[in-house]
file start_18.csv (CSV, C-alpha atoms and all ligand atoms)
chain,number,residue,atom,x,y,z
A,8,MET,CA,-4.7,-14.0,-32.4
A,9,ASN,CA,-4.0,-10.4,-31.3
A,10,LYS,CA,-7.4,-9.0,-30.2
A,11,GLY,CA,-5.9,-5.9,-28.6
A,12,ALA,CA,-7.6,-3.3,-30.8
A,13,GLU,CA,-11.0,-4.8,-29.9
A,14,SER,CA,-10.2,-5.4,-26.3
A,15,VAL,CA,-8.9,-2.0,-25.0
A,16,GLY,CA,-11.8,0.4,-25.2
A,17,GLY,CA,-14.3,-2.4,-25.7
A,18,THR,CA,-16.6,-4.2,-23.5
A,19,CYS,CA,-15.0,-7.6,-23.4
A,20,PRO,CA,-14.6,-9.3,-19.9
A,21,VAL,CA,-11.6,-8.6,-17.8
A,22,THR,CA,-10.0,-11.5,-15.8
A,23,ILE,CA,-8.0,-10.2,-12.8
A,24,VAL,CA,-5.3,-12.5,-11.5
A,25,GLY,CA,-4.7,-11.8,-7.8
A,26,GLY,CA,-7.0,-10.7,-5.1
A,27,GLY,CA,-4.6,-8.5,-3.0
A,28,LEU,CA,-4.8,-4.7,-2.8
A,29,ALA,CA,-3.9,-4.3,-6.5
A,30,GLY,CA,-6.4,-6.7,-7.9
A,31,CYS,CA,-9.2,-5.6,-5.6
A,32,ILE,CA,-8.7,-1.9,-6.4
A,33,MET,CA,-8.7,-2.7,-10.1
A,34,ALA,CA,-12.0,-4.7,-9.6
A,35,TRP,CA,-13.7,-1.6,-8.1
A,36,ALA,CA,-12.2,0.8,-10.7
A,37,LEU,CA,-13.5,-1.4,-13.6
A,38,ARG,CA,-16.9,-1.9,-11.9
A,39,GLU,CA,-17.3,1.9,-12.0
A,40,HIS,CA,-17.3,1.5,-15.8
A,41,GLY,CA,-19.8,-1.4,-15.6
A,42,ARG,CA,-17.1,-3.7,-16.9
A,43,GLU,CA,-17.6,-7.4,-16.4
A,44,VAL,CA,-14.8,-8.7,-14.1
A,45,LEU,CA,-13.8,-12.2,-13.0
A,46,LEU,CA,-11.1,-12.3,-10.2
A,47,LEU,CA,-9.0,-15.4,-9.6
A,48,ASP,CA,-7.0,-15.6,-6.4
A,49,ARG,CA,-5.1,-18.6,-5.2
A,50,GLY,CA,-5.7,-17.9,-1.6
A,51,ASP,CA,-2.3,-17.5,-0.1
A,52,GLU,CA,-2.6,-16.5,3.5
A,53,LEU,CA,0.7,-14.6,4.1
A,54,THR,CA,0.5,-12.0,1.3
A,55,ALA,CA,1.7,-8.4,1.6
A,56,SER,CA,-1.9,-7.2,1.6
A,57,ARG,CA,-2.9,-9.5,4.4
A,58,VAL,CA,0.0,-8.6,6.6
A,59,ALA,CA,0.4,-4.9,5.9
A,60,ALA,CA,-0.5,-2.1,8.3
A,61,GLY,CA,-2.1,-0.1,5.4
A,62,ILE,CA,-0.8,3.3,6.6
A,63,VAL,CA,-0.8,6.4,4.5
A,64,ASN,CA,2.0,8.8,5.7
A,65,PRO,CA,2.5,12.1,3.8
A,66,VAL,CA,6.1,12.7,4.9
A,67,THR,CA,8.5,9.7,5.3
A,68,GLY,CA,12.1,8.7,5.9
A,69,PRO,CA,15.0,10.3,7.7
A,70,LYS,CA,15.0,13.1,5.2
A,71,LEU,CA,11.4,13.9,5.8
A,72,THR,CA,10.4,13.6,2.1
A,73,LYS,CA,6.9,14.3,1.0
A,74,SER,CA,5.3,11.3,-0.7
A,75,TRP,CA,5.5,11.3,-4.5
A,76,ARG,CA,2.6,13.3,-6.1
A,77,PHE,CA,0.9,13.4,-2.7
A,78,GLU,CA,-1.3,16.4,-3.6
A,79,GLU,CA,-3.0,14.3,-6.4
A,80,LEU,CA,-2.8,10.9,-4.9
A,81,TRP,CA,-4.2,11.7,-1.4
A,82,PRO,CA,-7.5,13.1,-2.5
A,83,ALA,CA,-7.8,10.3,-5.1
A,84,ALA,CA,-7.2,7.6,-2.4
A,85,LEU,CA,-9.6,9.2,0.1
A,86,GLY,CA,-12.3,9.6,-2.6
A,87,PHE,CA,-11.9,6.0,-3.8
A,88,TYR,CA,-12.2,4.4,-0.3
A,89,THR,CA,-15.0,6.8,0.7
A,90,SER,CA,-17.0,5.8,-2.3
A,91,ILE,CA,-16.6,2.1,-1.4
A,92,GLU,CA,-17.7,2.9,2.1
A,93,GLU,CA,-20.8,4.6,0.8
A,94,GLN,CA,-21.6,1.7,-1.4
A,95,THR,CA,-21.1,-1.0,1.2
A,96,GLY,CA,-22.0,0.9,4.5
A,97,ARG,CA,-18.7,-0.4,6.0
A,98,GLN,CA,-15.7,1.7,7.1
A,99,ILE,CA,-12.4,0.6,5.6
A,100,PHE,CA,-10.3,3.8,5.7
A,101,HIS,CA,-9.6,5.3,9.1
A,102,GLN,CA,-8.3,8.9,8.7
A,103,MET,CA,-6.2,9.6,11.7
A,104,PRO,CA,-3.4,12.1,12.6
A,105,LEU,CA,0.1,10.9,12.4
A,106,VAL,CA,2.6,12.3,14.9
A,107,ARG,CA,6.2,12.3,13.7
A,108,LEU,CA,8.8,12.5,16.4
A,109,LEU,CA,12.0,14.2,15.3
A,110,ASP,CA,15.3,12.4,15.8
A,111,SER,CA,18.0,15.1,15.9
A,112,GLY,CA,18.8,18.8,15.7
A,113,GLN,CA,19.8,18.2,12.0
A,114,GLN,CA,16.4,16.8,11.3
A,115,VAL,CA,14.7,19.8,12.9
A,116,ASP,CA,16.9,22.0,10.5
A,117,LYS,CA,15.9,19.8,7.6
A,118,TRP,CA,12.2,20.3,8.4
A,119,ASN,CA,12.6,24.0,8.6
A,120,LYS,CA,14.2,24.0,5.2
A,121,ARG,CA,11.4,21.7,3.9
A,122,LEU,CA,8.9,24.3,4.9
A,123,GLN,CA,10.2,26.6,2.3
A,124,THR,CA,9.2,24.1,-0.4
A,125,PRO,CA,5.6,24.3,-1.6
A,126,GLY,CA,3.4,21.4,-0.3
A,127,TYR,CA,5.1,20.7,3.0
A,128,ALA,CA,3.4,23.2,5.3
A,129,GLU,CA,0.1,21.9,3.9
A,130,CYS,CA,0.7,18.5,5.4
A,131,LEU,CA,0.8,19.9,8.9
A,132,ALA,CA,-2.3,19.8,11.1
A,133,ALA,CA,-3.8,23.1,12.1
A,134,CYS,CA,-3.9,21.8,15.7
A,135,PRO,CA,-0.7,19.8,16.5
A,136,LEU,CA,-1.1,17.0,19.1
A,137,ASP,CA,1.0,17.0,22.2
A,138,PRO,CA,3.2,13.9,22.1
A,139,GLY,CA,2.5,13.4,25.9
A,140,LYS,CA,4.7,11.9,28.6
A,141,TYR,CA,5.0,8.3,27.2
A,142,LEU,CA,6.8,9.2,24.0
A,143,LYS,CA,10.4,10.3,23.6
A,144,SER,CA,10.1,13.6,21.9
A,145,GLU,CA,13.2,15.5,23.0
A,146,TYR,CA,13.6,17.1,19.5
A,147,GLY,CA,9.9,17.9,19.1
A,148,ALA,CA,7.1,16.5,17.0
A,149,LEU,CA,5.1,17.2,13.8
A,150,THR,CA,1.5,16.4,13.4
A,151,PHE,CA,0.2,15.5,9.9
A,152,ASP,CA,-3.5,15.3,9.4
A,153,ARG,CA,-3.7,13.9,5.9
A,154,ALA,CA,-2.9,10.4,7.1
A,155,GLY,CA,-4.6,7.2,8.2
A,156,TYR,CA,-4.8,3.6,7.4
A,157,LEU,CA,-6.8,1.2,5.2
A,158,ASP,CA,-8.0,-2.0,6.8
A,159,ILE,CA,-6.8,-4.0,3.8
A,160,ARG,CA,-8.2,-7.4,5.0
A,161,GLU,CA,-11.7,-5.8,5.4
A,162,PHE,CA,-11.3,-4.2,2.0
A,163,ILE,CA,-10.5,-7.6,0.4
A,164,ASN,CA,-13.5,-9.1,2.2
A,165,LEU,CA,-15.8,-6.4,0.8
A,166,THR,CA,-14.4,-6.9,-2.7
A,167,ARG,CA,-15.1,-10.6,-2.4
A,168,ASP,CA,-18.7,-9.9,-1.3
A,169,MET,CA,-19.1,-7.4,-4.1
A,170,LEU,CA,-17.9,-9.8,-6.8
A,171,GLY,CA,-19.9,-12.8,-5.4
A,172,ASP,CA,-19.3,-15.8,-7.7
A,173,HIS,CA,-17.1,-13.6,-9.9
A,174,TRP,CA,-14.4,-14.1,-7.2
A,175,ARG,CA,-13.0,-17.6,-7.6
A,176,LYS,CA,-10.3,-19.5,-5.9
A,177,GLY,CA,-7.7,-20.6,-8.4
A,178,GLU,CA,-4.5,-19.9,-10.1
A,179,LEU,CA,-3.9,-18.6,-13.6
A,180,LEU,CA,-0.5,-18.6,-15.2
A,181,GLU,CA,-1.3,-17.5,-18.7
A,182,ALA,CA,-3.9,-15.3,-20.4
A,183,ALA,CA,-7.5,-16.3,-20.2
A,184,ASP,CA,-9.1,-17.5,-23.4
A,185,ASP,CA,-11.3,-14.4,-23.8
A,186,GLY,CA,-11.0,-10.7,-23.2
A,187,ILE,CA,-8.2,-9.0,-21.2
A,188,THR,CA,-6.2,-10.6,-18.5
A,189,LEU,CA,-4.7,-8.3,-15.8
A,190,PHE,CA,-1.9,-9.7,-13.7
A,191,CYS,CA,-2.0,-8.3,-10.2
A,192,GLU,CA,0.1,-11.0,-8.6
A,193,GLY,CA,2.2,-9.0,-6.2
A,194,ILE,CA,5.6,-10.5,-5.6
A,195,ALA,CA,4.5,-13.8,-7.3
A,196,GLY,CA,4.7,-11.8,-10.5
A,197,GLY,CA,8.4,-12.3,-10.3
A,198,SER,CA,8.0,-16.0,-11.3
A,199,ASN,CA,5.5,-15.4,-14.1
A,200,PRO,CA,7.2,-16.2,-17.4
A,201,LEU,CA,5.2,-13.4,-19.1
A,202,PHE,CA,7.1,-10.9,-17.1
A,203,GLU,CA,10.4,-12.6,-16.7
A,204,TRP,CA,12.1,-9.5,-18.2
A,205,MET,CA,10.8,-7.3,-15.4
A,206,SER,CA,13.2,-7.0,-12.5
A,207,PHE,CA,11.3,-7.7,-9.3
A,208,LYS,CA,13.0,-6.7,-6.1
A,209,PRO,CA,11.5,-8.5,-3.1
A,210,ALA,CA,11.5,-6.5,0.1
A,211,LYS,CA,10.5,-8.7,3.0
A,212,GLY,CA,8.8,-6.9,5.9
A,213,GLU,CA,8.3,-8.1,9.4
A,214,ILE,CA,5.6,-6.6,11.7
A,215,LEU,CA,4.6,-7.0,15.3
A,216,THR,CA,1.3,-6.7,17.1
A,217,LEU,CA,1.8,-5.3,20.6
A,218,HIS,CA,-0.3,-4.8,23.7
A,219,ILE,CA,0.6,-1.4,25.3
A,220,ALA,CA,-1.5,-0.2,28.2
A,221,GLY,CA,-2.0,3.5,28.6
A,222,LEU,CA,-1.0,4.8,25.2
A,223,ALA,CA,-3.3,7.2,23.3
A,224,GLN,CA,-5.2,5.3,20.6
A,225,ASP,CA,-6.2,8.2,18.4
A,226,ARG,CA,-3.1,8.7,16.4
A,227,ILE,CA,-0.3,6.9,14.5
A,228,ILE,CA,3.2,7.5,15.9
A,229,ASN,CA,6.4,7.4,13.8
A,230,ARG,CA,10.0,7.8,14.7
A,231,GLY,CA,13.3,6.6,13.3
A,232,GLY,CA,12.1,3.8,11.0
A,233,VAL,CA,9.4,2.5,13.4
A,234,TRP,CA,5.7,3.3,13.8
A,235,LEU,CA,2.9,2.4,16.0
A,236,LEU,CA,-0.6,2.0,14.6
A,237,PRO,CA,-3.5,1.7,17.1
A,238,VAL,CA,-5.9,-1.1,16.1
A,239,GLY,CA,-8.2,-1.1,19.2
A,240,GLY,CA,-8.2,-2.9,22.5
A,241,GLU,CA,-4.9,-1.4,23.6
A,242,GLN,CA,-3.3,-3.2,20.6
A,243,PHE,CA,-0.9,-1.6,18.1
A,244,ARG,CA,0.7,-2.8,14.9
A,245,CYS,CA,4.4,-1.9,15.0
A,246,GLY,CA,6.9,-2.2,12.2
A,247,ALA,CA,8.3,-2.7,9.8
A,248,THR,CA,11.6,-4.2,8.7
A,249,TYR,CA,13.0,-3.9,5.2
A,250,ASP,CA,14.9,-7.0,4.1
A,251,TRP,CA,15.9,-6.4,0.4
A,252,GLY,CA,16.2,-9.5,-1.7
A,253,CYS,CA,14.6,-11.8,0.8
A,254,SER,CA,11.4,-13.4,-0.4
A,255,ASP,CA,10.3,-15.8,2.4
A,256,SER,CA,7.4,-15.0,4.7
A,257,LYS,CA,8.9,-16.3,7.9
A,258,PRO,CA,9.1,-14.1,11.0
A,259,THR,CA,12.6,-14.2,12.5
A,260,PRO,CA,14.0,-13.4,16.0
A,261,GLU,CA,16.3,-10.9,14.3
A,262,GLY,CA,13.4,-9.0,12.7
A,263,ARG,CA,11.6,-8.8,16.0
A,264,GLN,CA,14.8,-7.5,17.7
A,265,VAL,CA,15.2,-4.8,15.1
A,266,ILE,CA,11.7,-3.5,15.6
A,267,GLU,CA,11.8,-3.7,19.4
A,268,LYS,CA,15.2,-1.9,19.4
A,269,ARG,CA,13.8,0.9,17.3
A,270,LEU,CA,10.7,1.0,19.5
A,271,ASP,CA,12.9,1.8,22.5
A,272,ARG,CA,13.8,5.2,20.8
A,273,LEU,CA,10.1,6.1,20.7
A,274,LEU,CA,8.2,4.7,23.6
A,275,GLN,CA,8.6,4.9,27.4
A,276,LEU,CA,6.0,2.3,28.2
A,277,PRO,CA,6.3,-1.5,28.5
A,278,HIS,CA,5.0,-3.6,25.7
A,279,GLU,CA,4.0,-7.2,25.2
A,280,VAL,CA,4.4,-8.9,21.8
A,281,VAL,CA,1.1,-10.7,20.9
A,282,ASP,CA,1.8,-11.5,17.2
A,283,HIS,CA,4.6,-11.4,14.7
A,284,GLN,CA,4.1,-11.7,11.0
A,285,ALA,CA,6.1,-11.3,7.8
A,286,ALA,CA,5.4,-10.9,4.1
A,287,VAL,CA,7.1,-9.7,0.9
A,288,ARG,CA,6.4,-6.3,-0.6
A,289,PRO,CA,6.2,-6.3,-4.4
A,290,VAL,CA,8.8,-3.8,-5.6
A,291,VAL,CA,9.7,-3.4,-9.3
A,292,ARG,CA,12.2,-1.4,-11.3
A,293,GLU,CA,12.8,2.0,-9.7
A,294,SER,CA,10.5,1.2,-6.8
A,295,LYS,CA,7.5,2.6,-8.5
A,296,LEU,CA,4.1,1.3,-9.3
A,297,LEU,CA,3.8,0.2,-13.0
A,298,CYS,CA,0.6,-0.5,-14.9
A,299,GLY,CA,-0.5,-0.9,-18.5
A,300,MET,CA,-0.4,-3.4,-21.3
A,301,HIS,CA,2.3,-6.0,-21.9
A,302,PRO,CA,4.8,-4.8,-24.6
A,303,ALA,CA,4.1,-7.8,-26.8
A,304,HIS,CA,0.5,-8.8,-25.9
A,305,ASP,CA,-2.4,-6.4,-26.3
A,306,ARG,CA,-4.7,-8.5,-24.2
A,307,ILE,CA,-2.4,-8.8,-21.2
A,308,GLY,CA,-2.2,-6.1,-18.6
A,309,PHE,CA,-0.1,-5.6,-15.5
A,310,PHE,CA,-0.7,-3.7,-12.2
A,311,ASN,CA,2.1,-4.2,-9.7
A,312,GLY,CA,5.0,-2.7,-7.9
A,313,LEU,CA,2.9,-1.2,-5.2
A,314,GLY,CA,5.9,-1.3,-2.9
A,315,SER,CA,5.4,0.2,0.6
A,316,LYS,CA,2.9,2.8,-0.5
A,317,GLY,CA,0.2,0.9,-2.3
A,318,VAL,CA,-2.7,2.2,-0.2
A,319,LEU,CA,-1.8,5.8,-1.2
A,320,ASN,CA,-0.7,5.2,-4.8
A,321,ALA,CA,-2.9,2.5,-6.2
A,322,PRO,CA,-6.4,4.1,-6.4
A,323,PHE,CA,-5.4,7.0,-8.7
A,324,PHE,CA,-3.5,4.8,-11.1
A,325,ALA,CA,-6.2,2.0,-11.0
A,326,ARG,CA,-8.8,4.5,-12.1
A,327,ASN,CA,-6.4,5.9,-14.8
A,328,PHE,CA,-5.8,2.3,-16.1
A,329,ALA,CA,-9.5,1.4,-15.9
A,330,ASP,CA,-10.4,4.5,-17.9
A,331,TYR,CA,-7.8,3.6,-20.5
A,332,LEU,CA,-9.1,0.0,-20.7
A,333,CYS,CA,-12.6,1.4,-21.2
A,334,GLY,CA,-11.6,3.7,-24.0
A,335,HIS,CA,-10.9,6.9,-22.1
A,336,GLY,CA,-7.6,8.7,-22.2
A,337,VAL,CA,-4.1,7.4,-21.9
A,338,ILE,CA,-2.1,5.8,-19.1
A,339,ASP,CA,-0.1,8.3,-17.1
A,340,PRO,CA,3.4,8.2,-18.7
A,341,GLU,CA,5.2,8.0,-15.3
A,342,VAL,CA,3.7,4.6,-14.6
A,343,ASP,CA,2.9,3.3,-18.1
A,344,LEU,CA,4.5,-0.1,-18.4
A,345,ARG,CA,5.2,0.3,-22.1
A,346,GLY,CA,7.0,3.6,-21.6
A,347,ASN,CA,9.1,2.4,-18.6
A,348,ILE,CA,10.7,-0.9,-19.7
A,401,LIG,C1,5.1,-5.7,6.8
A,401,LIG,C2,4.5,-4.9,5.7
A,401,LIG,C3,4.0,-3.7,6.0
A,401,LIG,C4,3.4,-2.9,5.0
A,401,LIG,N1,2.8,-1.7,5.4
A,401,LIG,C5,2.3,-0.9,4.4
A,401,LIG,C6,1.7,0.3,4.8
A,401,LIG,O1,1.6,0.7,6.0
A,401,LIG,N2,1.1,1.1,3.8
A,401,LIG,C7,1.1,0.6,2.5
A,401,LIG,O2,0.6,1.4,1.7
A,401,LIG,N3,1.7,-0.5,2.1
A,401,LIG,C8,2.2,-1.3,3.1
A,401,LIG,N4,2.8,-2.5,2.7
A,401,LIG,C9,2.9,-2.8,1.3
A,401,LIG,C10,1.6,-3.4,0.8
A,401,LIG,O3,1.2,-4.4,1.5
A,401,LIG,C11,1.7,-3.8,-0.7
A,401,LIG,O4,2.1,-2.7,-1.5
A,401,LIG,C12,0.4,-4.3,-1.3
A,401,LIG,O5,-0.4,-5.0,-0.3
A,401,LIG,C13,0.7,-5.2,-2.4
A,401,LIG,O6,-0.5,-5.7,-3.0
A,401,LIG,P1,-0.6,-6.6,-4.2
A,401,LIG,O7,-2.0,-6.9,-4.5
A,401,LIG,O8,0.2,-6.0,-5.3
A,401,LIG,O9,0.2,-8.0,-3.8
A,401,LIG,P2,-0.2,-9.1,-2.8
A,401,LIG,O10,-0.7,-8.6,-1.5
A,401,LIG,O11,0.9,-10.0,-2.7
A,401,LIG,O12,-1.4,-9.8,-3.5
A,401,LIG,C14,-1.3,-10.7,-4.7
A,401,LIG,C15,-2.4,-11.7,-4.7
A,401,LIG,O13,-2.3,-12.4,-5.9
A,401,LIG,C16,-2.4,-13.8,-5.6
A,401,LIG,N5,-1.7,-14.5,-6.7
A,401,LIG,C17,-0.4,-14.3,-7.1
A,401,LIG,N6,-0.2,-15.0,-8.3
A,401,LIG,C18,-1.3,-15.6,-8.6
A,401,LIG,C19,-1.7,-16.4,-9.7
A,401,LIG,N7,-0.9,-16.7,-10.7
A,401,LIG,N8,-3.0,-16.9,-9.8
A,401,LIG,C20,-3.9,-16.5,-8.8
A,401,LIG,N9,-3.6,-15.7,-7.7
A,401,LIG,C21,-2.3,-15.3,-7.7
A,401,LIG,C22,-1.7,-14.0,-4.3
A,401,LIG,O14,-2.2,-15.2,-3.6
A,401,LIG,C23,-2.2,-12.7,-3.5
A,401,LIG,O15,-3.5,-12.9,-2.9
A,401,LIG,C24,3.4,-3.3,3.7
A,401,LIG,C25,3.9,-4.6,3.4
A,401,LIG,C26,4.5,-5.4,4.3
A,401,LIG,C27,5.0,-6.7,4.0
call {"tool": "encode", "arguments": {"input": "start_18.csv", "output": "structure tokens"}}
result
Amino acid sequence: MNKGAESVGGTCPVTIVGGGLAGCIMAWALREHGREVLLLDRGDELTASRVAAGIVNPVTGPKLTKSWRFEELWPAALGFYTSIEEQTGRQIFHQMPLVRLLDSGQQVDKWNKRLQTPGYAECLAACPLDPGKYLKSEYGALTFDRAGYLDIREFINLTRDMLGDHWRKGELLEAADDGITLFCEGIAGGSNPLFEWMSFKPAKGEILTLHIAGLAQDRIINRGGVWLLPVGGEQFRCGATYDWGCSDSKPTPEGRQVIEKRLDRLLQLPHEVVDHQAAVRPVVRESKLLCGMHPAHDRIGFFNGLGSKGVLNAPFFARNFADYLCGHGVIDPEVDLRGNI
């Protein structure tokens, strides 16, 4: 029976399938409406959320492109994580400047042109940081202050604590008997028959943890497809590779080599590799997050495709989707599943 009309906008329970970044953010967003939530997670250890660095970077790629809808998504993300910190008394989001080292004279020219476009100059910190003697900064550096990282593992732990016995270990492959079922399965969504028409594009990423003595630990550093994120105790996460179409979670010698080679263009200090992990980013369609109701089932929802910018993008659209599920407003047309298939 199609219970859609009663479910959306009603008070029926919501079952969330998947306890990664997407499912956890949806759980908090629905809780803001007082909606009853049950989350089922099968407990995979090497998921994108458990391996990711969690960085928010306002300007990315060789073309120095401002992140999509950054002006809206950044305050929404910051407000969302801050609200959880206030409720739990635990810090999960670490706002931290990001120093972007430029690669070439062409890139310097590109940035100067970018500055004529509204929104770019606003990303720059009022007080730029000096890259210092250990970084290769022959073409100069930019400092962005609307940046930082989410400790995603800690966020998942807080969500589990918040849900108590409403977080259960288990797997669900079809809609729950009652209420709405929201599939937040990450790359595993690609093998869910309910979404077999959706083209998932796995993007494996490898990431290293390094020990680097003597490098400043108060900033994220980025250059030429590699970044260093300080995580305390002279340790840094460093990544990440992009291996399109690859969907295993095995670290490889080739992946490590790619990262270390790129690191050579950035750092003048020795490093020691202390860990090496890999996981698969969930990318769908045109590499953008999609959410909303299944085109043929009004009690089945979808929140996926967080790609490489889930930390920045997910909070705004989770709140939008939760509002819709609780009877307020419509889903943003740019991400609405039903309008983008
Ligand atoms: C190396 C690497 C670095 C990254 N760095 C960043 C970064 O710096 N910044 C950023 O924003 N993003 C980054 N990402 C991307 C980010 O990790 C993802 O966008 C995000 O974590 C995806 O979250 P998710 O919840 O959609 O998927 P997942 O993390 O895969 O979570 C899905 C969960 O659902 C569970 N599950 C799946 N199917 C079922 C089922 N049928 N029943 C029960 N449970 C199920 C899985 O076990 C898993 O726990 C990175 C990713 C990688 C791999």
call {"tool": "residues_around", "arguments": {"input": "start_18.csv", "residues": "Phe162 of chain A", "least_positions_apart": "4", "cutoff": "7 Å", "atoms": "only C-alpha atoms", "output": "PyMOL selection string"}}
result
chain A and resi 99+158+166
call {"tool": "residues_near_ligand", "arguments": {"input": "start_18.csv", "ligand": "ligand LIG 401 (chain A)", "cutoff": "6 Å", "atoms": "only C-alpha atoms and all ligand atoms", "output": "ChimeraX atom specification"}}
result
/A:24-30,47-51,54-56,58-63,177-180,191-195,211-214,247,285-289,311,313-319
call {"tool": "closest_residue", "arguments": {"input": "start_18.csv", "among": "A:Arg107, A:Arg153, A:Arg38, A:Arg292", "to": "Glu78 of chain A", "atoms": "all atoms listed in the file"}}
result
A:Arg153
call {"tool": "closest_residue", "arguments": {"input": "start_18.csv", "among": "A:Ala36, A:Asp343, A:Ala321, A:Leu46", "to": "Asp168 of chain A", "atoms": "all atoms listed in the file"}}
result
A:Leu46
call {"tool": "residues_around", "arguments": {"input": "start_18.csv", "residues": "segment 238-246 of chain A", "least_positions_apart": "5", "cutoff": "6 Å", "atoms": "all atoms listed in the file", "output": "VMD selection string"}}
result
chain A and resid 214 to 220 233
call {"tool": "write_last_selection", "arguments": {"input": "start_18.csv", "atoms": "C-alpha atoms", "output": "short mmCIF file (atom, residue, chain, number, x, y, z; two decimals), in the coordinates of the input"}}
result
data_model
loop_
_atom_site.label_atom_id
_atom_site.label_comp_id
_atom_site.auth_asym_id
_atom_site.auth_seq_id
_atom_site.Cartn_x
_atom_site.Cartn_y
_atom_site.Cartn_z
CA ILE A 214 5.60 -6.60 11.70
CA LEU A 215 4.60 -7.00 15.30
CA THR A 216 1.30 -6.70 17.10
CA LEU A 217 1.80 -5.30 20.60
CA HIS A 218 -0.30 -4.80 23.70
CA ILE A 219 0.60 -1.40 25.30
CA ALA A 220 -1.50 -0.20 28.20
CA VAL A 233 9.40 2.50 13.40
#
